[in-house]
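Below is one structure, written out as structure tokens; the observations come after it.
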Amino acid sequence: MTTVKIKRLGHLGDGIADGPIYVPAALPGEVVTGTLDGEHLRDPKIDTPSENRVKPPCSHAKSCGGCQLQHASDVFVSDWKRDVVRQALAAHGIAVDLEPPITSPAKSRRRATFSVKRTKKGALAGFHMKASDTIISVPNCQLLHPELTAALPMVEALGVLGASRKGELSALVTRTDTGLDVTVTGGKEMDVALHQALSDLARDYDLARIAWDDDIALQRRAPVLRLGPADLTPPPGAFLQATREGEAALIDAVKQALTGVKRVADLFAGCGTFALPLAQDAMVHAVEGDRDMTNALDHAWRNAEGLKRITHEVRDLFRNPLQPEELAKCDGVVIDPPRAGAAAQVAELARSSVPRIAHVSCNPATFARDTATLIRAGYDVEWIRVVDQFRWSTHVELVALLRRNN
Ligand SMILES: C[S@@+](CC[C@H](N)C(=O)[O-])C[C@H]1O[C@@H](n2cnc3c(N)ncnc32)[C@H](O)[C@@H]1O
């Protein structure tokens with residue numbers, strides 16, 4: 001047996017001791033004994049628990065792969081996430097004061113991807129266990145909005161109808177203002193009998209829409225999400241912020257960063273999470289790589305009242321970023337790239353004269369890299385707001401205001 005003292009928490013939520021030795025579900029300061037297997041301590045027993053250790057609120061926390069940090073106190077997780085951002089910035093020589101994250105409450109996730117497998121008795125829906133193919137049911141999940149946990153029997157019924165005998169299907173379930181929107185992938189091929197059975201299921205569970213792979217199989221009502229003064233019907237499977245509270249915090253920060261601007265470019269715009277609320281006060285040019293999403297945004301804008309003009313463009317911003325000449329008319333930019341960041345677009349922003357940039361990021365490492373480029377080009381980081389809509393996970397998001405100083 002080997003005994004180690006945990007020095008820090010890794011980016012996947014493991015405790016890390018000197019070596020490095022990785023210890024699952026251990027916290028800094030804890031003394032832990034287990035069996036050393038390469039760089040990993042297996043079957044760890046906590047000899048000295050941290051004062052930050054708490055009883056996980058979910059009885060499945062140890063086995064379910066959905067959460068990584070339920071064994072740590074809220075204050076510890078909040079401080080740790082703020083530190084993740086601070087350290088990513090420090091690696092590029094950037095120092096900014098950070099307030100504690102704005103954390104979404106428990107049971108507020110509005111969408112989840114459930115895995116479903118056929119069983120002898122019917123089907124089992126839930127999440128994968130940690131590092132495993134086995135599915136665990138989570139009827140008491142502390143993350144999901146109660147309407148999503150209540151949807152588990154519906155998802156199991158979907159599995160009975162649509163999963164192949166040995167395969168596993170995925171059901172992305174989104175809670176919208178007009179009912180549940182379900183996108184199924186990995187199921188059987190659609191045929192008339194399956195379509196009829198899905199219609200019955202949608203009626204029985206009062207679903208708004210079911211999409212099967214890339215096609216909308218049936219729509220009883222448009223699934224609608226209110227965004228500012230607009231009603232958005234997102235395409236099946238489209239990117240959406242994970243919680244209403246997180247989305248509100250991000251929109252609030254972006255609007256604050258761009259107060260008073262008249263012309264905004266919204267880069268990596270998705271379905272218009274920022275474009276639609278910003279259009280209450282400014283003209284917006286929304287650029288996004290996915291045509292279905294820009295179409296949804298355009299439809300929402302056309303049917304809303306009181307918004308300024310939103311133009312849109314389908315464009316690959318990695319290969320074909322907006323050039324400084326195209327940005328010249330804008331007095332503000334919001335940029336919200338995927339985890340890889342936006343190195344190519346940021347290089348062009350660095351050559352531009354855009355006075356203010358609201359940078360939204362779900363990856364502090366690529367955010368810090370891209371921010372260092374902008375700082376070298378004459379931007380100052382005025383403030384950063386840390387947002388945590390992935391409670392008990394190791395994810396963290398942020399919004400920053402960068403202002404040109406020359
Ligand atoms: C983090 S999401 C943000 C979406 C939107 N701002 C929101 O908050 O809902 C990133 C968006 O970038 C889009 N995207 C990914 N790669 C892209 C690329 N190379 N060019 C343009 N858009 C891209 C994705 O489709 C996705 O909508």
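To be explicit about the labels: the chains of the structure tokens are called A, B, and onward in the order shown, and within each one the residues are counted from 1, while ligands get numbers from 1 in the order they are shown.
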Checklist entry - If you count only C-alpha atoms and all ligand atoms, which residues end up within 9 Å of ligand 1, as a PyMOL selection string? => result chain A and resi 238-241+247+250-251+266-275+287-291+293+314-321+334-340+342+360-362
Next on the checklist: At a cut-off of 10 Å, using only C-alpha atoms, what residues contact A:Cys58? Leave out same-chain residues fewer than 6 positions from it and give the result as a PyMOL selection string.
Outcome noted: chain A and resi 64+67+70-71+138+140-143
Checklist entry - Hey, what does DSSP flag as helix (DSSP H, G or I) within stretch 97-334 of chain A? Can you give it to me as a ChimeraX atom specification? => result /A:146-149,152-162,192-204,244-257,275-278,291-302,324-327
Would you give me, as a Markdown table, each residue of stretch 104-167 of chain A having an atom within 10 Å of an atom of stretch 196-207 of chain A, along with its shortest atom pair and that distance in Å to one decimal, using only C-alpha atoms and sorting by chain and residue number?
| residue | atom | partner | partner_atom | distance |
| --- | --- | --- | --- | --- |
| A:Ala151 | CA | A:Tyr205 | CA | 8.5 |
| A:Pro153 | CA | A:Tyr205 | CA | 9.5 |
| A:Met154 | CA | A:Tyr205 | CA | 6.8 |
| A:Val155 | CA | A:Leu201 | CA | 10.0 |
| A:Ala157 | CA | A:Leu201 | CA | 7.8 |
| A:Leu158 | CA | A:Leu198 | CA | 7.7 |
| A:Leu161 | CA | A:Ala197 | CA | 7.2 |
| A:Gly162 | CA | A:Leu198 | CA | 8.8 |
Restrict the selected residues to N, CA, C and O atoms and save them as a CSV table (one decimal), in the first residue's frame.
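result.csv was written with the following content:
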chain,number,residue,atom,x,y,z
A,151,ALA,N,-38.5,12.9,-17.2
A,151,ALA,CA,-38.5,12.4,-18.6
A,151,ALA,C,-37.9,11.1,-18.7
A,151,ALA,O,-38.0,10.5,-19.8
A,153,PRO,N,-38.7,8.0,-17.8
A,153,PRO,CA,-39.5,6.9,-18.3
A,153,PRO,C,-39.8,7.1,-19.8
A,153,PRO,O,-39.9,6.1,-20.6
A,154,MET,N,-40.0,8.4,-20.3
A,154,MET,CA,-40.2,8.6,-21.7
A,154,MET,C,-39.0,8.2,-22.5
A,154,MET,O,-39.1,7.6,-23.6
A,155,VAL,N,-37.8,8.5,-22.0
A,155,VAL,CA,-36.6,8.1,-22.7
A,155,VAL,C,-36.4,6.6,-22.8
A,155,VAL,O,-36.0,6.0,-23.8
A,157,ALA,N,-39.0,4.5,-22.8
A,157,ALA,CA,-40.0,4.1,-23.8
A,157,ALA,C,-39.4,4.3,-25.2
A,157,ALA,O,-39.6,3.5,-26.1
A,158,LEU,N,-38.7,5.4,-25.4
A,158,LEU,CA,-38.0,5.6,-26.7
A,158,LEU,C,-37.0,4.5,-27.0
A,158,LEU,O,-37.0,4.1,-28.2
A,161,LEU,N,-38.7,1.4,-28.2
A,161,LEU,CA,-39.2,1.6,-29.6
A,161,LEU,C,-38.0,1.6,-30.6
A,161,LEU,O,-38.1,1.0,-31.7
A,162,GLY,N,-37.0,2.3,-30.2
A,162,GLY,CA,-36.0,2.7,-31.3
A,162,GLY,C,-34.6,2.2,-31.1
A,162,GLY,O,-33.8,2.4,-32.0
Item to check | Shell of 10 Å around stretch 374-387 of chain A, only C-alpha atoms, local chain residues under 6 positions omitted, as a PyMOL selection string | outcome: chain A and resi 78+81-82+85+94-104+245-247+249-250+253-254+257+346-362+364+368+395-406
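Among the candidates A:Ala25, A:Val32, A:Gly66, A:Ala344, the one nearest to A:Ser132 when counting only C-alpha atoms is A:Gly66.
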Item to check | Contacts of A:Gly15 at 12 Å (only C-alpha atoms; same-chain gap of 2+ positions) as a VMD selection string | outcome: chain A and resid 4 to 13 17 to 32 39 to 41 44 46 50 68 to 69 71 to 72
Selection from above, N, CA and C atoms, as a short mmCIF file (atom, residue, chain, number, x, y, z; two decimals), in the first residue's frame, can you write it?
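Result file follows (out38.cif):
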data_model
loop_
_atom_site.label_atom_id
_atom_site.label_comp_id
_atom_site.auth_asym_id
_atom_site.auth_seq_id
_atom_site.Cartn_x
_atom_site.Cartn_y
_atom_site.Cartn_z
N VAL A 4 -0.09 8.84 0.24
CA VAL A 4 0.37 10.10 -0.36
C VAL A 4 -0.43 11.26 0.23
N LYS A 5 0.13 12.47 0.07
CA LYS A 5 -0.61 13.67 0.47
C LYS A 5 -0.97 14.43 -0.81
N ILE A 6 -2.25 14.81 -0.93
CA ILE A 6 -2.73 15.49 -2.15
C ILE A 6 -2.27 16.95 -2.11
N LYS A 7 -1.64 17.37 -3.23
CA LYS A 7 -1.12 18.74 -3.29
C LYS A 7 -2.09 19.68 -4.00
N ARG A 8 -2.75 19.18 -5.03
CA ARG A 8 -3.64 20.06 -5.80
C ARG A 8 -4.67 19.23 -6.53
N LEU A 9 -5.65 19.95 -7.10
CA LEU A 9 -6.69 19.29 -7.88
C LEU A 9 -6.34 19.43 -9.36
N GLY A 10 -6.42 18.33 -10.10
CA GLY A 10 -6.12 18.39 -11.54
C GLY A 10 -7.31 18.88 -12.33
N HIS A 11 -7.09 19.11 -13.64
CA HIS A 11 -8.16 19.69 -14.46
C HIS A 11 -9.29 18.71 -14.72
N LEU A 12 -9.09 17.43 -14.39
CA LEU A 12 -10.18 16.46 -14.55
C LEU A 12 -10.85 16.16 -13.20
N GLY A 13 -10.41 16.87 -12.16
CA GLY A 13 -11.04 16.70 -10.85
C GLY A 13 -10.34 15.69 -9.95
N ALA A 17 -0.90 14.09 -6.18
CA ALA A 17 0.18 14.09 -5.19
C ALA A 17 1.52 14.18 -5.94
N ASP A 18 2.60 14.38 -5.20
CA ASP A 18 3.93 14.42 -5.83
C ASP A 18 4.13 13.16 -6.64
N GLY A 19 4.80 13.27 -7.73
CA GLY A 19 5.07 12.11 -8.58
C GLY A 19 5.07 12.43 -10.06
N PRO A 20 3.98 12.81 -10.66
CA PRO A 20 2.65 12.97 -10.08
C PRO A 20 1.94 11.63 -9.90
N ILE A 21 1.14 11.57 -8.84
CA ILE A 21 0.26 10.42 -8.61
C ILE A 21 -1.19 10.95 -8.57
N TYR A 22 -2.02 10.34 -9.42
CA TYR A 22 -3.41 10.81 -9.55
C TYR A 22 -4.33 9.96 -8.67
N VAL A 23 -5.15 10.64 -7.88
CA VAL A 23 -6.03 9.94 -6.93
C VAL A 23 -7.47 10.41 -7.17
N PRO A 24 -8.35 9.48 -7.59
CA PRO A 24 -9.73 9.91 -7.87
C PRO A 24 -10.43 10.41 -6.62
N ALA A 25 -11.22 11.48 -6.82
CA ALA A 25 -12.10 12.02 -5.76
C ALA A 25 -11.36 12.38 -4.48
N ALA A 26 -10.11 12.81 -4.60
CA ALA A 26 -9.37 13.26 -3.41
C ALA A 26 -9.16 14.77 -3.50
N LEU A 27 -9.07 15.41 -2.34
CA LEU A 27 -8.98 16.87 -2.30
C LEU A 27 -7.63 17.32 -1.74
N PRO A 28 -7.19 18.52 -2.10
CA PRO A 28 -5.91 19.03 -1.60
C PRO A 28 -5.84 18.97 -0.07
N GLY A 29 -4.67 18.56 0.45
CA GLY A 29 -4.46 18.46 1.91
C GLY A 29 -4.78 17.09 2.45
N GLU A 30 -5.52 16.26 1.71
CA GLU A 30 -5.92 14.95 2.23
C GLU A 30 -4.74 13.97 2.17
N VAL A 31 -4.69 13.09 3.19
CA VAL A 31 -3.72 11.99 3.19
C VAL A 31 -4.50 10.73 2.80
N VAL A 32 -3.99 10.02 1.78
CA VAL A 32 -4.77 8.94 1.16
C VAL A 32 -3.88 7.71 1.01
N GLU A 39 0.86 5.70 -12.50
CA GLU A 39 0.70 7.05 -11.94
C GLU A 39 -0.61 7.19 -11.16
N HIS A 40 -1.33 6.05 -10.97
CA HIS A 40 -2.65 6.13 -10.35
C HIS A 40 -2.69 5.38 -9.03
N LEU A 41 -3.39 5.95 -8.06
CA LEU A 41 -3.61 5.25 -6.78
C LEU A 41 -5.00 4.64 -6.83
N PRO A 44 -8.50 4.12 -3.31
CA PRO A 44 -7.97 4.99 -2.25
C PRO A 44 -8.89 5.05 -1.03
N ILE A 46 -9.38 7.44 2.41
CA ILE A 46 -8.97 8.75 2.93
C ILE A 46 -8.56 8.58 4.39
N SER A 50 -10.14 16.33 4.09
CA SER A 50 -10.05 17.79 4.01
C SER A 50 -11.26 18.41 4.68
N GLN A 68 -18.10 15.41 -11.23
CA GLN A 68 -16.75 15.09 -10.76
C GLN A 68 -16.45 15.63 -9.36
N LEU A 69 -17.22 16.64 -8.90
CA LEU A 69 -16.77 17.34 -7.69
C LEU A 69 -17.85 17.45 -6.60
N HIS A 71 -18.03 15.78 -4.01
CA HIS A 71 -17.47 15.52 -2.67
C HIS A 71 -16.80 16.77 -2.10
N ALA A 72 -16.83 17.89 -2.84
CA ALA A 72 -16.18 19.12 -2.37
C ALA A 72 -17.24 20.18 -2.07
#
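Look at stretch 227-230 of chain A: the protein and nucleic acid residues within 10 Å of it, using only C-alpha atoms and passing over chain neighbours fewer than 2 places away, are Val224, Leu225, Leu232, Thr233, Glu247, Ala248, Ile251, Cys271, Gly272, Thr273, Phe274, Ala275, Leu276, Pro277, Leu278, Ala279, Gln280, Leu297, His299, Ala300, Trp301, Arg302, Asn303, Ala304, Glu305, Gly306 and Leu307 of chain A.
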Item to check | Expected answer as a PyMOL selection string: strand (DSSP E or B) residues in stretch 35-112 of chain A | outcome: chain A and resi 35-37+40-48+53+64+72+102-103+109+111-112
Can you write out the residues you just picked, keeping all heavy atoms, as a compact mmCIF listing (two decimals), in the first residue's frame?
# COMPACT_ATOMS: atom_id res chain seq x y z
N THR A 35 -3.49 1.46 -3.60
CA THR A 35 -2.55 0.61 -4.33
C THR A 35 -2.01 1.37 -5.52
O THR A 35 -2.79 1.82 -6.38
CB THR A 35 -3.28 -0.66 -4.82
OG1 THR A 35 -3.96 -1.22 -3.71
CG2 THR A 35 -2.30 -1.66 -5.40
N LEU A 36 -0.70 1.52 -5.58
CA LEU A 36 -0.11 2.30 -6.68
C LEU A 36 -0.08 1.46 -7.95
O LEU A 36 0.39 0.33 -7.97
CB LEU A 36 1.32 2.71 -6.29
CG LEU A 36 1.93 3.81 -7.17
CD1 LEU A 36 1.09 5.09 -7.15
CD2 LEU A 36 3.37 4.12 -6.73
N ASP A 37 -0.63 2.04 -9.03
CA ASP A 37 -0.69 1.37 -10.33
C ASP A 37 -0.21 2.40 -11.35
O ASP A 37 -0.99 3.23 -11.82
CB ASP A 37 -2.14 0.94 -10.58
CG ASP A 37 -2.33 0.37 -11.98
OD1 ASP A 37 -1.33 0.17 -12.68
OD2 ASP A 37 -3.50 0.14 -12.36
N HIS A 40 -1.33 6.05 -10.97
CA HIS A 40 -2.65 6.13 -10.35
C HIS A 40 -2.69 5.38 -9.03
O HIS A 40 -2.11 4.29 -8.91
CB HIS A 40 -3.71 5.57 -11.30
CG HIS A 40 -3.76 6.34 -12.59
ND1 HIS A 40 -4.56 7.45 -12.75
CD2 HIS A 40 -3.07 6.18 -13.75
CE1 HIS A 40 -4.36 7.95 -13.97
NE2 HIS A 40 -3.46 7.20 -14.59
N LEU A 41 -3.39 5.95 -8.06
CA LEU A 41 -3.61 5.25 -6.78
C LEU A 41 -5.00 4.64 -6.83
O LEU A 41 -6.01 5.35 -6.90
CB LEU A 41 -3.50 6.25 -5.62
CG LEU A 41 -3.25 5.65 -4.25
CD1 LEU A 41 -1.82 5.07 -4.17
CD2 LEU A 41 -3.42 6.70 -3.15
N ARG A 42 -5.04 3.28 -6.84
CA ARG A 42 -6.35 2.60 -6.94
C ARG A 42 -6.94 2.35 -5.56
O ARG A 42 -6.20 2.22 -4.58
CB ARG A 42 -6.16 1.24 -7.66
CG ARG A 42 -5.43 1.31 -8.99
CD ARG A 42 -6.33 1.86 -10.09
NE ARG A 42 -5.59 1.95 -11.35
CZ ARG A 42 -5.88 2.78 -12.33
NH1 ARG A 42 -6.90 3.63 -12.21
NH2 ARG A 42 -5.16 2.81 -13.44
N ASP A 43 -8.26 2.21 -5.52
CA ASP A 43 -9.01 1.94 -4.28
C ASP A 43 -8.54 2.82 -3.11
O ASP A 43 -8.20 2.31 -2.03
CB ASP A 43 -8.86 0.46 -3.87
CG ASP A 43 -9.32 -0.46 -4.99
OD1 ASP A 43 -10.33 -0.13 -5.64
OD2 ASP A 43 -8.66 -1.49 -5.22
N PRO A 44 -8.50 4.12 -3.31
CA PRO A 44 -7.97 4.99 -2.25
C PRO A 44 -8.89 5.05 -1.03
O PRO A 44 -10.11 5.06 -1.16
CB PRO A 44 -7.90 6.36 -2.93
CG PRO A 44 -8.91 6.30 -4.03
CD PRO A 44 -8.97 4.88 -4.48
N LYS A 45 -8.24 5.04 0.15
CA LYS A 45 -8.98 5.26 1.41
C LYS A 45 -8.45 6.57 1.98
O LYS A 45 -7.24 6.77 2.05
CB LYS A 45 -8.70 4.13 2.42
CG LYS A 45 -9.10 2.75 1.93
CD LYS A 45 -10.56 2.44 2.23
CE LYS A 45 -11.03 1.15 1.58
NZ LYS A 45 -10.95 1.08 0.12
N ILE A 46 -9.38 7.44 2.41
CA ILE A 46 -8.97 8.75 2.93
C ILE A 46 -8.56 8.58 4.39
O ILE A 46 -9.40 8.21 5.22
CB ILE A 46 -10.12 9.77 2.85
CG1 ILE A 46 -10.78 9.74 1.47
CG2 ILE A 46 -9.67 11.16 3.27
CD1 ILE A 46 -10.23 10.57 0.42
N ASP A 47 -7.26 8.83 4.74
CA ASP A 47 -6.82 8.74 6.14
C ASP A 47 -7.16 10.05 6.86
O ASP A 47 -7.63 10.03 7.99
CB ASP A 47 -5.30 8.52 6.20
CG ASP A 47 -4.90 7.25 5.45
OD1 ASP A 47 -5.70 6.29 5.50
OD2 ASP A 47 -3.83 7.23 4.82
N THR A 48 -6.87 11.17 6.20
CA THR A 48 -7.16 12.48 6.80
C THR A 48 -8.00 13.28 5.82
O THR A 48 -7.49 13.73 4.79
CB THR A 48 -5.84 13.26 7.06
OG1 THR A 48 -4.88 12.36 7.62
CG2 THR A 48 -6.06 14.44 7.96
N ARG A 53 -14.22 18.65 2.41
CA ARG A 53 -14.95 17.45 1.97
C ARG A 53 -16.38 17.50 2.51
O ARG A 53 -16.59 17.82 3.68
CB ARG A 53 -14.22 16.18 2.44
CG ARG A 53 -14.91 14.88 2.05
CD ARG A 53 -14.01 13.69 2.26
NE ARG A 53 -12.97 13.64 1.24
CZ ARG A 53 -13.13 13.14 0.00
NH1 ARG A 53 -14.29 12.64 -0.36
NH2 ARG A 53 -12.13 13.14 -0.85
N CYS A 64 -21.53 7.55 -10.88
CA CYS A 64 -22.05 8.20 -12.08
C CYS A 64 -20.98 9.10 -12.69
O CYS A 64 -20.27 9.83 -11.97
CB CYS A 64 -23.29 9.02 -11.73
SG CYS A 64 -23.95 9.97 -13.11
N ALA A 72 -16.83 17.89 -2.84
CA ALA A 72 -16.18 19.12 -2.37
C ALA A 72 -17.24 20.18 -2.07
O ALA A 72 -18.28 20.23 -2.74
CB ALA A 72 -15.22 19.64 -3.43
N ILE A 102 -20.36 33.08 -10.81
CA ILE A 102 -21.82 33.08 -10.67
C ILE A 102 -22.26 31.66 -11.02
O ILE A 102 -22.17 31.22 -12.16
CB ILE A 102 -22.46 34.08 -11.66
CG1 ILE A 102 -21.89 35.49 -11.41
CG2 ILE A 102 -23.98 34.05 -11.57
CD1 ILE A 102 -22.14 36.45 -12.56
N THR A 103 -22.69 30.91 -9.98
CA THR A 103 -22.95 29.47 -10.16
C THR A 103 -24.44 29.20 -10.31
O THR A 103 -25.24 29.70 -9.52
CB THR A 103 -22.39 28.70 -8.93
OG1 THR A 103 -21.00 29.02 -8.80
CG2 THR A 103 -22.56 27.20 -9.10
N ARG A 109 -30.14 22.38 -14.86
CA ARG A 109 -29.73 22.06 -16.24
C ARG A 109 -30.97 21.83 -17.09
O ARG A 109 -31.83 21.03 -16.74
CB ARG A 109 -28.85 20.82 -16.26
CG ARG A 109 -27.44 21.08 -15.79
CD ARG A 109 -26.56 21.66 -16.86
NE ARG A 109 -26.08 20.59 -17.71
CZ ARG A 109 -25.04 19.82 -17.42
NH1 ARG A 109 -24.34 20.01 -16.34
NH2 ARG A 109 -24.67 18.87 -18.25
N ARG A 111 -30.92 20.84 -20.31
CA ARG A 111 -30.76 19.82 -21.36
C ARG A 111 -29.78 18.75 -20.92
O ARG A 111 -28.86 19.01 -20.13
CB ARG A 111 -30.31 20.44 -22.68
CG ARG A 111 -29.01 21.14 -22.62
CD ARG A 111 -28.62 21.81 -23.93
NE ARG A 111 -29.48 21.54 -25.06
CZ ARG A 111 -29.10 21.63 -26.34
NH1 ARG A 111 -27.88 21.98 -26.63
NH2 ARG A 111 -29.92 21.38 -27.31
N ALA A 112 -30.01 17.54 -21.38
CA ALA A 112 -29.12 16.44 -21.01
C ALA A 112 -29.15 15.41 -22.12
O ALA A 112 -30.16 15.23 -22.80
CB ALA A 112 -29.58 15.79 -19.71
Next on the checklist: Please list as a PyMOL selection string every residue within 10 Å of A:Thr134, counting only C-alpha atoms and excluding residues in the same chain fewer than 5 positions away.
Outcome noted: chain A and resi 64+115+117+126-129
Give me a file of those residues, with C-alpha atoms, as a short mmCIF file (atom, residue, chain, number, x, y, z; two decimals), in the first residue's frame.
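New file part13.cif:
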data_model
loop_
_atom_site.label_atom_id
_atom_site.label_comp_id
_atom_site.auth_asym_id
_atom_site.auth_seq_id
_atom_site.Cartn_x
_atom_site.Cartn_y
_atom_site.Cartn_z
CA CYS A 64 -22.05 8.20 -12.08
CA SER A 115 -27.83 7.00 -22.98
CA LYS A 117 -29.98 0.46 -23.81
CA GLY A 126 -29.37 7.34 -17.65
CA PHE A 127 -25.74 8.37 -17.72
CA HIS A 128 -22.61 6.28 -18.21
CA MET A 129 -20.81 5.27 -15.06
#
Checklist entry - Quick one, how far is atom CA of A:Asp214 from atom CA of A:Glu168? => result 17.2 Å
